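Visitor: Handing you a structure now.
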Amino acid sequence: MTAKRLSLGCGNFGGVGSAPGFFGQGTTEDDARAIMDIAWNRGIRWFDTADAYGGGRSESFIGRWRADRGRGPIVTTKVFYSVTGDPADHGLSRDRILRNVEGSLERLGVDRLDLYLAHDRDLETPLAETVGAFEELVRQGTIGAWGLSNHDAAAIREALAYGRPALIQNAYSLLDRDDEAEVLPFCAEHGLDYVPFGPLAGGWLTGKYRRGEAFPEGSRMTQRPEGYAHLVTDRVYDGLDRLAAEAHERGVELTALAFAWVLSHPGVAGAVCGPTRPAHLEPVLAALELPLSADERDRIGSFFS
């Protein structure tokens with residue numbers, strides 16, 4: 001496998017994801033530049049961001065880095081959440097998409113977006129309107145293609161009635177396997193690229209969270225724990241112990257094995273990695289050199305069942 005299967009997740013640049021309470025925090029611009037430099041030098045040519053990450057800071061960091069370095073990675077960005085922090089400023093109406101795409105182009109310093117994703121499902125806007133806006137942008141040449149993030153199989157099926165997404169980006173990891181039931185088979189059936197985020201489950205699959213110990217300061221569980229609070233169980237800690245033992249036996253980091261497990265699914269075209277320090281890229285790159293057979297994949301997956 002090659003680094004082309006990896007997308008550099010930039011959700012912590014200038015904030016912590018799309019949470020307004022953390023705008024201006026997270027990874028500093030200097031550290032973000034160091035991460036982008038290392039990623040580029042190690043062969044990663046695809047960066048993943050969103051207009052709301054850090055309140056626009058993530059896109060701006062990437063745009064200034066591109067201009068200073070004279071480099072042009074493929075960039076995926078997304079639209080749905082508030083860029084301003086105003087809770088009313090969200091959604092996927094045609095007018096909002098056409099307005100927000102201009103902000104992303106300006107911050108990234110480009111004339112055209114490679115890939116533009118719906119960051120979440122907008123239940124207040126008909127999907128036909130959202131897809132129609134994306135298709136309009138494709139015809140105009142403003143974006144190269146569009147896709148869907150955080151959409152279930154029913155929504156993806158509906159979207160196909162109005163256009164064709166180029167990419168599906170949902171959460172998938174050893175600790176989040178919901179997409180195996182419907183989304184992954186649907187994508188395989190219809191030839192849709194599936195490139196998940198969260199392959200390390202908010203840090204849970206890095207070994208940083210230990211049974212009976214306080215969560216490390218600055219970790220996801222001390223900042224935005226809501227999506228991962230359900231993992232604080234003996235079943236998960238037991239699975240982590242087994243995964244750590246397996247990684248030790250193989251002579252690799254737990255992070256590398258967990259990431260390799262995601263990449264080993266035949267329906268996974270690639271995955272998004274979101275390092276907060278340059279050193280975090282090393283085990284992810286090591287995962288590319290760690291092929292797993294179907295039997296090995298099933299056995300490792302059973303650790304958390």
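We label chains A, B, ... in the order they appear in the structure tokens, count residues from 1 in each chain, and number ligands from 1 in the order shown.
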Could you go through segment 14-210 of chain A and tell me which residues DSSP, when run on the backbone, assigns to helix (DSSP H, G or I), listing them as a PDB file with C-alpha atoms, in the first residue's frame?
Guide:
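Saved result, selection35.pdb, follows:
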```pdb
ATOM      1  CA  PRO A  20     -17.159  26.969  18.451  1.00  0.00           C
ATOM      2  CA  GLY A  21     -15.972  26.792  22.047  1.00  0.00           C
ATOM      3  CA  PHE A  22     -12.531  25.705  20.815  1.00  0.00           C
ATOM      4  CA  GLU A  29      -0.340  27.334  12.785  1.00  0.00           C
ATOM      5  CA  ASP A  30       3.378  26.646  13.291  1.00  0.00           C
ATOM      6  CA  ASP A  31       2.664  23.091  14.430  1.00  0.00           C
ATOM      7  CA  ALA A  32       0.157  22.620  11.602  1.00  0.00           C
ATOM      8  CA  ARG A  33       2.824  23.663   9.112  1.00  0.00           C
ATOM      9  CA  ALA A  34       5.242  21.131  10.607  1.00  0.00           C
ATOM     10  CA  ILE A  35       2.613  18.389  10.301  1.00  0.00           C
ATOM     11  CA  MET A  36       1.847  19.324   6.690  1.00  0.00           C
ATOM     12  CA  ASP A  37       5.554  19.402   5.841  1.00  0.00           C
ATOM     13  CA  ILE A  38       6.148  15.934   7.269  1.00  0.00           C
ATOM     14  CA  ALA A  39       3.003  14.552   5.636  1.00  0.00           C
ATOM     15  CA  TRP A  40       4.007  15.944   2.249  1.00  0.00           C
ATOM     16  CA  ASN A  41       7.579  14.693   2.579  1.00  0.00           C
ATOM     17  CA  TYR A  53     -12.807  23.523  11.546  1.00  0.00           C
ATOM     18  CA  GLY A  54     -11.386  26.125  13.883  1.00  0.00           C
ATOM     19  CA  GLY A  55     -13.891  28.642  12.564  1.00  0.00           C
ATOM     20  CA  GLY A  56     -12.144  28.752   9.171  1.00  0.00           C
ATOM     21  CA  ARG A  57      -8.634  28.609  10.593  1.00  0.00           C
ATOM     22  CA  SER A  58      -7.916  25.118   9.304  1.00  0.00           C
ATOM     23  CA  GLU A  59      -8.616  26.147   5.705  1.00  0.00           C
ATOM     24  CA  SER A  60      -6.598  29.335   6.190  1.00  0.00           C
ATOM     25  CA  PHE A  61      -3.608  27.428   7.593  1.00  0.00           C
ATOM     26  CA  ILE A  62      -3.664  25.098   4.579  1.00  0.00           C
ATOM     27  CA  GLY A  63      -4.062  27.993   2.167  1.00  0.00           C
ATOM     28  CA  ARG A  64      -1.106  29.915   3.554  1.00  0.00           C
ATOM     29  CA  TRP A  65       1.025  26.749   3.670  1.00  0.00           C
ATOM     30  CA  ARG A  66       0.192  26.006   0.024  1.00  0.00           C
ATOM     31  CA  ALA A  67       1.148  29.526  -1.011  1.00  0.00           C
ATOM     32  CA  ASP A  68       4.384  29.576   0.988  1.00  0.00           C
ATOM     33  CA  ARG A  69       5.536  26.106  -0.032  1.00  0.00           C
ATOM     34  CA  ARG A  94     -28.628  25.864  -1.963  1.00  0.00           C
ATOM     35  CA  ASP A  95     -28.064  29.485  -1.006  1.00  0.00           C
ATOM     36  CA  ARG A  96     -25.860  28.621   1.946  1.00  0.00           C
ATOM     37  CA  ILE A  97     -23.743  26.157  -0.045  1.00  0.00           C
ATOM     38  CA  LEU A  98     -23.200  28.675  -2.849  1.00  0.00           C
ATOM     39  CA  ARG A  99     -22.304  31.341  -0.296  1.00  0.00           C
ATOM     40  CA  ASN A 100     -20.002  29.192   1.827  1.00  0.00           C
ATOM     41  CA  VAL A 101     -18.071  27.719  -1.069  1.00  0.00           C
ATOM     42  CA  GLU A 102     -16.760  31.212  -1.822  1.00  0.00           C
ATOM     43  CA  GLY A 103     -15.341  31.490   1.697  1.00  0.00           C
ATOM     44  CA  SER A 104     -13.591  28.129   1.359  1.00  0.00           C
ATOM     45  CA  LEU A 105     -12.073  29.107  -1.989  1.00  0.00           C
ATOM     46  CA  GLU A 106     -10.755  32.353  -0.506  1.00  0.00           C
ATOM     47  CA  ARG A 107      -9.296  30.783   2.635  1.00  0.00           C
ATOM     48  CA  LEU A 108      -7.658  27.937   0.705  1.00  0.00           C
ATOM     49  CA  LEU A 127     -31.560  16.264  -0.108  1.00  0.00           C
ATOM     50  CA  ALA A 128     -32.526  16.997  -3.701  1.00  0.00           C
ATOM     51  CA  GLU A 129     -31.803  20.695  -3.093  1.00  0.00           C
ATOM     52  CA  THR A 130     -28.416  19.957  -1.529  1.00  0.00           C
ATOM     53  CA  VAL A 131     -27.337  17.578  -4.285  1.00  0.00           C
ATOM     54  CA  GLY A 132     -28.638  20.000  -6.888  1.00  0.00           C
ATOM     55  CA  ALA A 133     -26.392  22.731  -5.478  1.00  0.00           C
ATOM     56  CA  PHE A 134     -23.360  20.434  -5.564  1.00  0.00           C
ATOM     57  CA  GLU A 135     -24.105  19.397  -9.145  1.00  0.00           C
ATOM     58  CA  GLU A 136     -24.494  23.059 -10.083  1.00  0.00           C
ATOM     59  CA  LEU A 137     -21.029  23.774  -8.679  1.00  0.00           C
ATOM     60  CA  VAL A 138     -19.582  20.862 -10.660  1.00  0.00           C
ATOM     61  CA  ARG A 139     -21.107  22.211 -13.893  1.00  0.00           C
ATOM     62  CA  GLN A 140     -19.677  25.650 -13.131  1.00  0.00           C
ATOM     63  CA  ALA A 153     -27.301   4.131   3.665  1.00  0.00           C
ATOM     64  CA  ALA A 154     -30.830   5.468   3.191  1.00  0.00           C
ATOM     65  CA  ALA A 155     -29.534   9.007   2.627  1.00  0.00           C
ATOM     66  CA  ILE A 156     -26.833   7.825   0.235  1.00  0.00           C
ATOM     67  CA  ARG A 157     -29.416   5.841  -1.702  1.00  0.00           C
ATOM     68  CA  GLU A 158     -31.650   8.920  -1.913  1.00  0.00           C
ATOM     69  CA  ALA A 159     -28.743  11.102  -3.049  1.00  0.00           C
ATOM     70  CA  ASP A 178     -22.038   0.375  12.286  1.00  0.00           C
ATOM     71  CA  ASP A 179     -21.284   0.999   8.602  1.00  0.00           C
ATOM     72  CA  GLU A 180     -20.499  -2.683   8.066  1.00  0.00           C
ATOM     73  CA  VAL A 183     -23.168   1.525   4.177  1.00  0.00           C
ATOM     74  CA  LEU A 184     -20.070  -0.464   3.206  1.00  0.00           C
ATOM     75  CA  PRO A 185     -22.038  -3.092   1.239  1.00  0.00           C
ATOM     76  CA  PHE A 186     -24.046  -0.324  -0.465  1.00  0.00           C
ATOM     77  CA  CYS A 187     -20.891   1.552  -1.476  1.00  0.00           C
ATOM     78  CA  ALA A 188     -19.366  -1.656  -2.843  1.00  0.00           C
ATOM     79  CA  GLU A 189     -22.515  -2.444  -4.814  1.00  0.00           C
ATOM     80  CA  HIS A 190     -22.659   1.010  -6.382  1.00  0.00           C
ATOM     81  CA  ALA A 201     -11.806   6.376  17.592  1.00  0.00           C
ATOM     82  CA  GLY A 202     -10.843   9.724  19.070  1.00  0.00           C
ATOM     83  CA  GLY A 203      -7.601   8.365  20.486  1.00  0.00           C
ATOM     84  CA  TRP A 204      -9.106   5.284  22.105  1.00  0.00           C
ATOM     85  CA  LEU A 205      -7.118   3.021  19.783  1.00  0.00           C
ATOM     86  CA  THR A 206      -3.783   4.685  20.506  1.00  0.00           C
TER      87      THR A 206
END
```
Visitor: Please provide the set of residues having any atom within 9 Å of Ala118 of chain A, restricted to only C-alpha atoms, with same-chain residues fewer than 3 positions apart removed, written as an NGL selection string.
Guide: :A and (77-80 or 92 or 121-122 or 130 or 146-151)
Visitor: Using only C-alpha atoms, find each residue of segment 105-170 of chain A with at least one atom at most 10 Å away from an atom of segment 44-49 of chain A; report its shortest atom-to-atom pair and that distance in Å (one decimal), sort the rows by chain and rising residue number, and return the result as a Markdown table.
Guide:
```
| residue | atom | partner | partner_atom | distance |
| --- | --- | --- | --- | --- |
| A:Asp114 | CA | A:Trp46 | CA | 9.9 |
| A:Leu115 | CA | A:Asp48 | CA | 9.4 |
| A:Tyr116 | CA | A:Thr49 | CA | 9.9 |
| A:Leu117 | CA | A:Thr49 | CA | 9.9 |
```
Visitor: Could you make a table, as a Markdown table, of the residues of segment 181-281 of chain A that have an atom within 10 Å of an atom of segment 291-305 of chain A, each with its nearest atom pair and distance in Å to one decimal, counting only C-alpha atoms, in chain and number order?
Guide:
```
| residue | atom | partner | partner_atom | distance |
| --- | --- | --- | --- | --- |
| A:Arg235 | CA | A:Phe304 | CA | 6.6 |
| A:Val236 | CA | A:Phe304 | CA | 6.1 |
| A:Tyr237 | CA | A:Phe304 | CA | 8.8 |
| A:Asp238 | CA | A:Phe304 | CA | 7.7 |
| A:Gly239 | CA | A:Phe303 | CA | 4.8 |
| A:Leu240 | CA | A:Phe303 | CA | 7.8 |
| A:Asp241 | CA | A:Phe303 | CA | 8.9 |
| A:Arg242 | CA | A:Phe303 | CA | 6.4 |
| A:Leu243 | CA | A:Phe303 | CA | 7.0 |
| A:Glu246 | CA | A:Ile300 | CA | 8.3 |
| A:Leu257 | CA | A:Leu292 | CA | 9.2 |
| A:Ala258 | CA | A:Ile300 | CA | 9.0 |
| A:Ala260 | CA | A:Pro291 | CA | 6.9 |
| A:Trp261 | CA | A:Arg297 | CA | 6.3 |
| A:Val262 | CA | A:Arg297 | CA | 9.0 |
| A:Leu263 | CA | A:Pro291 | CA | 8.5 |
| A:Ser264 | CA | A:Leu292 | CA | 6.0 |
| A:His265 | CA | A:Arg297 | CA | 8.1 |
| A:Pro266 | CA | A:Ala294 | CA | 9.3 |
```
Visitor: Choose the residue, out of A:Val232, A:Ala247, A:Ala166, A:Ala269, that has the smallest atom-to-atom separation from Ser7 of chain A; count only C-alpha atoms.
Guide: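 The shortest atom-to-atom distance to Ser7 of chain A comes from A:Ala269.
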Visitor: Tell me which protein, DNA and RNA residues are within 7 Å of Tyr81 of chain A, counting only C-alpha atoms, leaving out same-chain ones fewer than 4 positions away, and put them as a list of chain:residue names.
Guide: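 Returned residues: A:Ser18, A:Ala52, A:His90, A:Gly91.
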Visitor: Output the selection as a PDB file, in the first residue's frame - C-alpha atoms for each residue.
Guide:
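Ended up saving to again-v7.pdb:
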```
ATOM      1  CA  SER A  18     -16.205  22.300  14.420  1.00  0.00           C
ATOM      2  CA  ALA A  52     -16.000  25.129  10.205  1.00  0.00           C
ATOM      3  CA  HIS A  90     -25.600  25.970   9.586  1.00  0.00           C
ATOM      4  CA  GLY A  91     -27.223  23.755   6.991  1.00  0.00           C
TER       5      GLY A  91
END
```
Visitor: DSSP on the backbone, then: every residue of segment 19-208 of chain A marked strand (DSSP E or B), written as a PyMOL selection string.
Guide: chain A and resi 27+46-48+74-79+113-118+143-149+167-169+171+173+176+193-194+197
Visitor: Atoms to include: C-alpha atoms. Write the selected residues as an mmCIF file, in the first residue's frame.
Guide:
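Here's the written file part-v6.cif:
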```
data_model
loop_
_atom_site.group_PDB
_atom_site.id
_atom_site.type_symbol
_atom_site.label_atom_id
_atom_site.label_comp_id
_atom_site.auth_asym_id
_atom_site.auth_seq_id
_atom_site.Cartn_x
_atom_site.Cartn_y
_atom_site.Cartn_z
ATOM 1 C CA THR A 27 -2.990 22.858 16.824
ATOM 2 C CA TRP A 46 -4.457 14.558 0.090
ATOM 3 C CA PHE A 47 -5.533 16.938 2.873
ATOM 4 C CA ASP A 48 -8.967 16.844 4.517
ATOM 5 C CA ILE A 74 -5.676 17.526 -3.289
ATOM 6 C CA VAL A 75 -7.996 19.133 -0.740
ATOM 7 C CA THR A 76 -11.318 17.900 0.542
ATOM 8 C CA THR A 77 -13.372 20.439 2.446
ATOM 9 C CA LYS A 78 -16.872 20.308 3.848
ATOM 10 C CA VAL A 79 -19.914 22.430 4.518
ATOM 11 C CA LEU A 113 -12.174 22.831 -4.849
ATOM 12 C CA ASP A 114 -11.139 19.272 -5.578
ATOM 13 C CA LEU A 115 -13.828 17.657 -3.450
ATOM 14 C CA TYR A 116 -16.677 19.265 -1.515
ATOM 15 C CA LEU A 117 -18.602 17.239 1.065
ATOM 16 C CA ALA A 118 -21.855 17.640 2.928
ATOM 17 C CA ILE A 143 -15.702 22.037 -7.562
ATOM 18 C CA GLY A 144 -14.350 18.878 -9.123
ATOM 19 C CA ALA A 145 -16.683 16.497 -7.327
ATOM 20 C CA TRP A 146 -18.861 16.212 -4.237
ATOM 21 C CA GLY A 147 -19.565 13.660 -1.547
ATOM 22 C CA LEU A 148 -21.323 12.895 1.705
ATOM 23 C CA SER A 149 -20.075 12.662 5.274
ATOM 24 C CA LEU A 167 -16.901 9.852 -1.888
ATOM 25 C CA ILE A 168 -18.558 8.648 1.296
ATOM 26 C CA GLN A 169 -16.819 9.666 4.530
ATOM 27 C CA ALA A 171 -16.717 7.134 11.055
ATOM 28 C CA SER A 173 -12.931 1.831 13.391
ATOM 29 C CA ASP A 176 -17.357 1.944 15.491
ATOM 30 C CA ASP A 193 -15.345 5.202 -2.715
ATOM 31 C CA TYR A 194 -15.553 4.840 1.062
ATOM 32 C CA PHE A 197 -12.552 9.270 9.354
#
```
Visitor: Leaving out Gly218 of chain A and any residue of its chain fewer than 3 positions from it, which residues lie within 12 Å of it when counting only C-alpha atoms, given as a list in words?
Guide: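 These residues fall inside the cut-off: Asn12, Val16, Phe22, Gln25, Gly26, Thr27, Gly203, Lys208, Ala214, Phe215, Met221, Thr222, Gln223, Arg224, Pro225 and Thr276 of chain A.
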